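Text of final.csv (CSV, C-alpha atoms) as supplied:
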```
chain,number,residue,atom,x,y,z
K,47,MET,CA,75.3,100.9,105.9
K,48,LYS,CA,72.2,100.4,108.0
K,49,ASP,CA,72.9,96.7,108.2
K,50,LYS,CA,76.3,97.4,109.5
K,51,LEU,CA,75.1,99.7,112.2
K,52,ALA,CA,72.3,97.3,113.2
K,53,PHE,CA,74.9,94.7,114.1
K,54,GLY,CA,77.3,97.1,115.8
K,55,TYR,CA,79.7,96.9,112.8
K,56,PRO,CA,82.1,99.8,112.4
K,57,GLU,CA,81.6,101.8,109.3
K,58,GLY,CA,85.4,101.7,108.8
K,59,LEU,CA,85.3,98.0,108.1
K,60,THR,CA,83.9,96.2,105.1
K,61,THR,CA,81.6,93.2,105.6
K,62,GLY,CA,82.5,89.6,104.9
K,63,GLY,CA,85.2,87.2,106.0
K,64,THR,CA,89.0,87.6,106.1
K,65,HIS,CA,91.9,85.3,105.1
K,66,TYR,CA,93.4,85.3,108.7
K,67,CYS,CA,94.0,81.9,110.4
K,68,PRO,CA,91.7,80.8,113.3
K,69,GLY,CA,92.9,82.4,116.6
K,70,CYS,CA,94.8,85.2,114.9
K,71,THR,CA,94.1,88.5,116.5
K,72,HIS,CA,94.6,90.7,113.4
K,73,GLY,CA,90.8,90.9,113.1
K,74,ILE,CA,90.5,92.4,116.6
K,75,ILE,CA,93.1,95.0,115.8
K,76,HIS,CA,91.4,95.8,112.6
K,77,ARG,CA,88.2,96.5,114.4
K,78,LEU,CA,89.8,98.7,117.0
K,79,ILE,CA,91.4,100.8,114.3
K,80,ALA,CA,88.1,101.1,112.4
K,81,GLU,CA,86.3,102.1,115.6
K,82,VAL,CA,88.8,104.8,116.4
K,83,ILE,CA,88.7,106.2,112.9
K,84,ASP,CA,84.9,106.3,113.0
K,85,GLU,CA,84.8,107.9,116.4
K,86,LEU,CA,87.2,110.6,115.4
K,87,GLY,CA,85.2,111.4,112.3
K,88,VAL,CA,88.1,111.1,109.9
K,89,ARG,CA,87.2,108.0,107.8
K,90,GLU,CA,86.6,109.9,104.6
K,91,ARG,CA,90.1,111.4,104.7
K,92,THR,CA,92.0,108.4,106.0
K,93,VAL,CA,94.6,106.5,104.0
K,94,GLY,CA,96.0,103.2,105.2
K,95,VAL,CA,99.3,101.7,104.0
K,96,SER,CA,100.2,98.0,104.2
K,97,PRO,CA,103.3,96.3,102.9
K,98,VAL,CA,104.0,92.6,102.5
K,99,GLY,CA,102.9,90.5,105.4
K,100,CYS,CA,99.8,88.9,106.9
K,101,ALA,CA,97.9,92.2,106.5
K,102,VAL,CA,98.8,92.4,102.8
K,103,LEU,CA,95.1,92.2,101.9
K,104,ALA,CA,94.0,94.8,104.5
K,105,TYR,CA,92.7,97.0,101.7
K,106,ASN,CA,89.9,94.5,101.4
K,107,TYR,CA,88.8,94.9,105.0
K,108,PHE,CA,88.9,98.7,105.6
K,109,SER,CA,86.4,101.0,104.0
K,110,THR,CA,89.0,103.8,103.7
K,111,ASP,CA,91.4,104.6,100.9
K,112,TYR,CA,94.3,102.2,101.0
K,113,GLN,CA,97.8,102.0,99.4
K,114,GLU,CA,100.0,98.9,99.0
K,115,ALA,CA,103.8,99.3,99.6
K,116,SER,CA,106.8,97.1,98.9
K,117,HIS,CA,108.1,95.0,101.8
K,118,GLY,CA,109.3,97.2,104.6
K,119,ARG,CA,108.6,100.5,102.7
K,120,ALA,CA,105.3,101.5,104.2
K,121,PRO,CA,106.9,104.4,106.1
K,122,ALA,CA,108.4,105.8,102.9
K,123,VAL,CA,105.0,105.6,101.1
K,124,ALA,CA,103.2,107.1,104.1
K,125,THR,CA,105.8,109.9,104.2
K,126,GLY,CA,105.1,110.8,100.6
K,127,ILE,CA,101.3,110.8,101.1
K,128,LYS,CA,101.4,112.9,104.3
K,129,ARG,CA,103.8,115.4,102.9
K,130,ALA,CA,101.8,115.8,99.7
K,131,ARG,CA,98.5,115.9,101.5
K,132,PRO,CA,99.0,117.0,105.1
K,133,ASP,CA,95.2,117.2,105.5
K,134,LEU,CA,94.9,113.4,105.3
K,135,MET,CA,95.1,111.0,108.2
K,136,VAL,CA,97.7,108.4,107.2
K,137,TYR,CA,98.7,105.2,109.0
K,138,THR,CA,100.8,102.2,108.3
K,139,TYR,CA,99.8,98.7,109.4
K,140,GLN,CA,103.0,96.6,109.7
K,141,GLY,CA,104.1,93.3,111.1
K,142,ASP,CA,107.4,92.6,113.0
K,143,GLY,CA,109.1,90.8,110.1
K,144,ASP,CA,108.3,93.8,107.9
K,145,LEU,CA,108.9,96.7,110.2
K,146,ALA,CA,111.8,95.4,112.4
K,147,SER,CA,113.7,93.6,109.7
K,148,ILE,CA,113.7,94.7,106.0
K,149,GLY,CA,112.0,98.0,107.1
K,150,MET,CA,114.2,98.8,110.1
K,151,ALA,CA,115.9,101.8,108.4
K,152,GLU,CA,112.6,103.1,107.1
K,153,ILE,CA,110.8,103.2,110.4
K,154,VAL,CA,113.8,104.6,112.4
K,155,HIS,CA,114.4,107.4,110.0
K,156,ALA,CA,110.7,108.3,109.6
K,157,ALA,CA,110.4,108.5,113.4
K,158,ASN,CA,113.6,110.5,113.6
K,159,ARG,CA,112.4,113.0,111.1
K,160,GLY,CA,109.1,113.3,113.0
K,161,GLU,CA,106.9,112.4,110.1
K,162,LYS,CA,103.3,113.1,111.3
K,163,PHE,CA,101.6,109.8,110.5
K,164,THR,CA,100.6,106.9,112.7
K,165,VAL,CA,102.2,103.4,112.8
K,166,VAL,CA,100.3,100.3,113.9
K,167,PHE,CA,103.0,97.7,114.5
K,168,VAL,CA,101.7,94.1,115.1
K,169,ASN,CA,104.3,92.0,116.8
K,170,ASN,CA,103.6,88.2,116.8
K,171,ALA,CA,107.3,87.3,117.1
K,172,ILE,CA,107.4,85.4,113.8
K,173,TYR,CA,107.1,85.7,110.0
K,174,GLY,CA,103.4,84.7,109.7
K,175,MET,CA,102.6,84.9,106.0
K,176,THR,CA,105.8,83.5,104.5
K,177,GLY,CA,106.2,80.2,106.4
K,178,GLY,CA,107.0,80.9,110.1
K,179,GLN,CA,110.6,82.0,109.9
K,180,MET,CA,112.5,83.6,112.8
K,181,ALA,CA,111.8,87.3,113.0
K,182,PRO,CA,113.8,90.0,114.8
K,183,THR,CA,111.3,89.8,117.6
K,184,THR,CA,111.3,86.0,118.0
K,185,MET,CA,111.8,85.0,121.6
K,186,PRO,CA,114.9,83.3,122.9
K,187,GLY,CA,114.5,79.5,122.5
K,188,GLN,CA,111.4,79.9,120.3
K,189,VAL,CA,111.2,77.3,117.6
K,190,THR,CA,110.6,78.5,114.1
K,191,SER,CA,111.0,77.1,110.6
K,192,THR,CA,114.5,78.6,110.4
K,193,SER,CA,115.4,78.0,114.0
K,194,PRO,CA,114.3,74.4,114.6
K,195,ARG,CA,116.4,74.3,117.8
K,196,GLY,CA,115.0,77.6,119.0
K,197,ARG,CA,116.4,81.1,118.7
K,198,GLU,CA,120.1,80.9,119.8
K,199,LEU,CA,121.2,84.3,121.2
K,200,ASP,CA,124.8,83.8,120.4
K,201,LEU,CA,123.9,83.4,116.8
K,202,ALA,CA,120.8,85.6,116.3
K,203,GLY,CA,121.2,88.1,119.1
K,204,HIS,CA,118.4,89.2,121.4
K,205,PRO,CA,114.9,90.1,120.2
K,206,ILE,CA,114.6,93.7,119.2
K,207,ARG,CA,112.3,95.9,121.3
K,208,MET,CA,111.2,98.5,118.7
K,209,VAL,CA,109.2,100.6,121.1
K,210,GLU,CA,112.1,101.1,123.4
K,211,LEU,CA,114.4,101.7,120.5
K,212,ILE,CA,112.2,104.4,118.9
K,213,SER,CA,111.7,106.0,122.3
K,214,THR,CA,115.4,106.8,122.5
K,215,LEU,CA,115.1,109.2,119.6
K,216,HIS,CA,115.2,112.9,120.6
K,217,THR,CA,112.3,113.7,118.2
K,218,PRO,CA,109.0,114.2,120.0
K,219,ALA,CA,106.7,111.3,119.4
K,220,PHE,CA,103.9,109.2,121.0
K,221,VAL,CA,105.2,105.6,121.4
K,222,ALA,CA,103.3,102.8,123.2
K,223,ARG,CA,102.7,99.1,123.4
K,224,GLY,CA,99.5,97.2,124.1
K,225,THR,CA,97.9,93.8,123.4
K,226,VAL,CA,94.5,92.4,122.6
K,227,ILE,CA,94.6,89.0,124.2
K,228,ARG,CA,92.2,89.9,127.0
K,229,PRO,CA,89.1,92.1,126.8
K,230,LEU,CA,90.4,94.7,129.2
K,231,GLN,CA,93.7,94.9,127.3
K,232,ALA,CA,91.9,95.3,124.1
K,233,VAL,CA,90.0,98.3,125.6
K,234,GLN,CA,93.3,99.7,126.8
K,235,THR,CA,94.9,99.2,123.4
K,236,LYS,CA,92.0,101.0,121.7
K,237,GLU,CA,92.7,104.0,123.9
K,238,LEU,CA,96.4,103.9,122.9
K,239,LEU,CA,95.3,103.9,119.2
K,240,ARG,CA,92.9,106.8,119.9
K,241,ARG,CA,95.7,108.8,121.4
K,242,ALA,CA,98.0,108.0,118.5
K,243,PHE,CA,95.5,109.1,115.9
K,244,GLN,CA,94.4,112.1,117.9
K,245,TYR,CA,98.0,113.4,118.0
K,246,GLN,CA,98.1,113.1,114.2
K,247,LYS,CA,94.7,114.8,113.9
K,248,GLU,CA,96.2,117.7,115.8
K,249,GLY,CA,99.3,117.7,113.7
K,250,LYS,CA,101.6,117.2,116.6
K,251,CYS,CA,103.9,114.3,116.0
K,252,PHE,CA,104.9,110.8,114.8
K,253,SER,CA,103.1,108.1,116.7
K,254,MET,CA,103.5,104.3,116.9
K,255,VAL,CA,101.5,101.7,118.8
K,256,GLU,CA,103.0,98.2,119.0
K,257,ILE,CA,100.4,95.5,119.6
K,258,LEU,CA,101.4,92.1,120.8
K,259,SER,CA,99.5,89.5,118.8
K,260,THR,CA,99.2,85.7,118.5
K,261,CYS,CA,100.1,83.4,115.6
K,262,PRO,CA,98.7,80.0,116.6
K,263,THR,CA,99.4,78.4,113.2
K,264,ASN,CA,103.1,79.2,113.1
K,265,TRP,CA,103.6,78.8,116.8
K,266,GLY,CA,102.2,75.3,116.5
K,267,MET,CA,99.7,75.6,119.3
K,268,PRO,CA,95.9,75.9,119.8
K,269,PRO,CA,94.5,79.5,120.0
K,270,ALA,CA,93.8,79.4,123.8
K,271,GLU,CA,97.3,78.1,124.5
K,272,ALA,CA,98.8,80.8,122.2
K,273,LEU,CA,97.1,83.5,124.3
K,274,ASN,CA,98.6,82.1,127.5
K,275,TRP,CA,102.1,81.7,125.8
K,276,LEU,CA,102.0,85.4,124.8
K,277,GLU,CA,101.1,86.5,128.3
K,278,LYS,CA,103.7,84.3,130.0
K,279,THR,CA,106.6,84.5,127.5
K,280,MET,CA,106.3,87.7,125.5
K,281,MET,CA,104.8,90.2,127.9
K,282,PRO,CA,107.6,90.1,130.5
K,283,TYR,CA,110.1,90.9,127.7
K,284,TYR,CA,107.8,93.3,125.9
K,285,PRO,CA,106.1,95.3,128.7
K,286,LEU,CA,102.9,97.2,128.0
K,287,GLY,CA,102.5,100.9,128.5
K,288,VAL,CA,103.2,104.4,127.2
K,289,PHE,CA,106.9,104.9,126.6
K,290,LYS,CA,107.0,108.4,125.2
K,291,THR,CA,104.7,111.3,124.6
K,292,PRO,CA,105.3,114.5,122.6
K,293,GLU,CA,105.1,116.6,125.7
K,294,GLU,CA,108.1,114.8,127.1
K,295,GLY,CA,110.0,115.3,123.9
K,296,VAL,CA,109.3,119.0,123.8
K,297,ASP,CA,110.1,119.6,127.5
K,298,ARG,CA,113.3,117.7,127.4
K,299,ALA,CA,116.5,119.8,127.6
K,300,PRO,CA,118.4,120.0,124.3
K,301,LEU,CA,121.1,117.5,123.8
K,302,PRO,CA,124.6,119.1,123.8
K,303,LEU,CA,126.3,119.3,120.4
K,304,CYS,CA,129.6,117.5,120.4
K,305,GLY,CA,132.6,119.8,120.4
K,306,LEU,CA,130.5,123.0,120.9
K,307,GLN,CA,130.2,123.0,124.7
K,308,ASP,CA,133.3,125.1,125.0
K,309,GLY,CA,132.8,127.2,121.9
K,310,GLY,CA,134.1,124.5,119.6
K,311,LYS,CA,137.7,124.7,120.9
```
Take the structure in the file and give it back as structure tokens.
Amino acid sequence: MKDKLAFGYPEGLTTGGTHYCPGCTHGIIHRLIAEVIDELGVRERTVGVSPVGCAVLAYNYFSTDYQEASHGRAPAVATGIKRARPDLMVYTYQGDGDLASIGMAEIVHAANRGEKFTVVFVNNAIYGMTGGQMAPTTMPGQVTSTSPRGRELDLAGHPIRMVELISTLHTPAFVARGTVIRPLQAVQTKELLRRAFQYQKEGKCFSMVEILSTCPTNWGMPPAEALNWLEKTMMPYYPLGVFKTPEEGVDRAPLPLCGLQDGGK
């Protein structure tokens, strides 16, 4: 532990290397999460949940309790843990292929129910671990192993913006999007993560932070070029910022119930 602190290493992370590709920003995101957990003083009662994806081995990198979930089912596992032990800090760590595809129903219903755990959603616009297939978040015209001519909108539809979708739910929540491709943006994203975990610590609401990330290997470009591509191509379509807070959800006027505005007549 002293060696960790001497090198400015978060207690929430284990020491040693990772399996991530060169230029991947998962490692930066891991560190931000670990720093927030340490600074909030909740490491000893935190449980992470990862399903299938690039972060499938995250349990090796965080020095907290960790649970593995089936592909797309992390919100269901997190729901069970949090309901059984509401005193725990529970978070899921999910990629876009996992959360926005096979796990779409899981995340939407967990958010709609207002489950009081935190979601860290890493969007790199592609299936990273399984071979670079097109994901629900893949950009128009983006070449992948299953869209060699680029994503065709008339066949695959438009990329799904999960933050905007979750924000339409009436249930109070904290929903935001950041990135870590520049130092200042990494600092800002850490603050978003801090707010998300703080809301959970206070028992207030469901929270989700989407983080735009690079995948140089499957994008087929050098790491520096991948950073620029994300900034020029992804960020205009996936704007950064806070999209919803629990205060807005609480203060909003109740939605009218269909057929009951006139006494149900």
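Of the residues under consideration (K:Pro229, K:Gly287, K:Gly160, K:Gly94), K:Gly94 shows the shortest atom-to-atom contact distance to Thr138 in chain K when counting all atoms listed in the file.
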In Å and to one decimal, CA of Phe243 in chain K is distant from CA of Ile79 in chain K by 9.4 Å
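Distances to Asn264 in chain K were evaluated for K:Leu199, K:Glu81, K:Ala120, K:Gly177 using all atoms listed in the file, and the minimum falls at K:Gly177.
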Using all atoms listed in the file, can you list as a ChimeraX atom specification the residues within 12 Å of (114.1, 98.5, 128.0)?
-> /K:205-214,282-287,289
For the contact check between range 160-179 of chain K and range 70-74 of chain K, emit one row per residue of range 160-179 of chain K within 12 Å, containing the shortest atom pair and the distance in Å rounded to one decimal, counting all atoms listed in the file, chain then rising number order, as a tab-separated table.
```
residue	atom	partner	partner_atom	distance
K:Val166	CA	K:His72	CA	11.2
K:Phe167	CA	K:His72	CA	11.0
K:Val168	CA	K:His72	CA	8.1
K:Asn169	CA	K:His72	CA	10.4
K:Asn170	CA	K:Cys70	CA	9.5
K:Gly174	CA	K:Cys70	CA	10.1
K:Met175	CA	K:Cys70	CA	11.8
```
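Interatomic distance, CA of Leu134 in chain K against CA of Gly63 in chain K: 27.9 Å.
Coordinates place CA of Gly69 in chain K at a distance of 10.0 Å from CA of Glu271 in chain K.
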Would you pick out the contacts of Ala270 in chain K at 12 Å or less, using only C-alpha atoms, so that residues sharing its chain but fewer than 5 positions from it are not included, and give the list as a PyMOL selection string? chain K and resi 68-71+227-228+260-262+275-277
Among K:Leu238, K:Asp144, K:Pro218, K:Lys247, Arg91 in chain K is approached most closely, using only C-alpha atoms, by K:Lys247
Residue with the minimum atom-to-atom distance to Ala151 in chain K, picked from K:Gly54, K:Gly118, K:Leu59, K:Pro269 with all atoms listed in the file counted, is K:Gly118
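Among the candidates K:Met267, K:Val93, K:Ala124, K:Val98, the residue lying nearest to Asp111 in chain K is K:Val93 (atoms considered: only C-alpha atoms).
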Can you pull out the residues contacting Lys162 in chain K? Cut-off 6 Å, using only C-alpha atoms, and skip same-chain residues under 5 positions away; I want them as JSON, numbers by chain. {"K": [246, 251, 252]}
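Here the question is which of K:Met180, K:Ala156, K:Ala122, K:Ala242 gets nearest to Leu215 in chain K using only C-alpha atoms, and that residue is K:Ala156.
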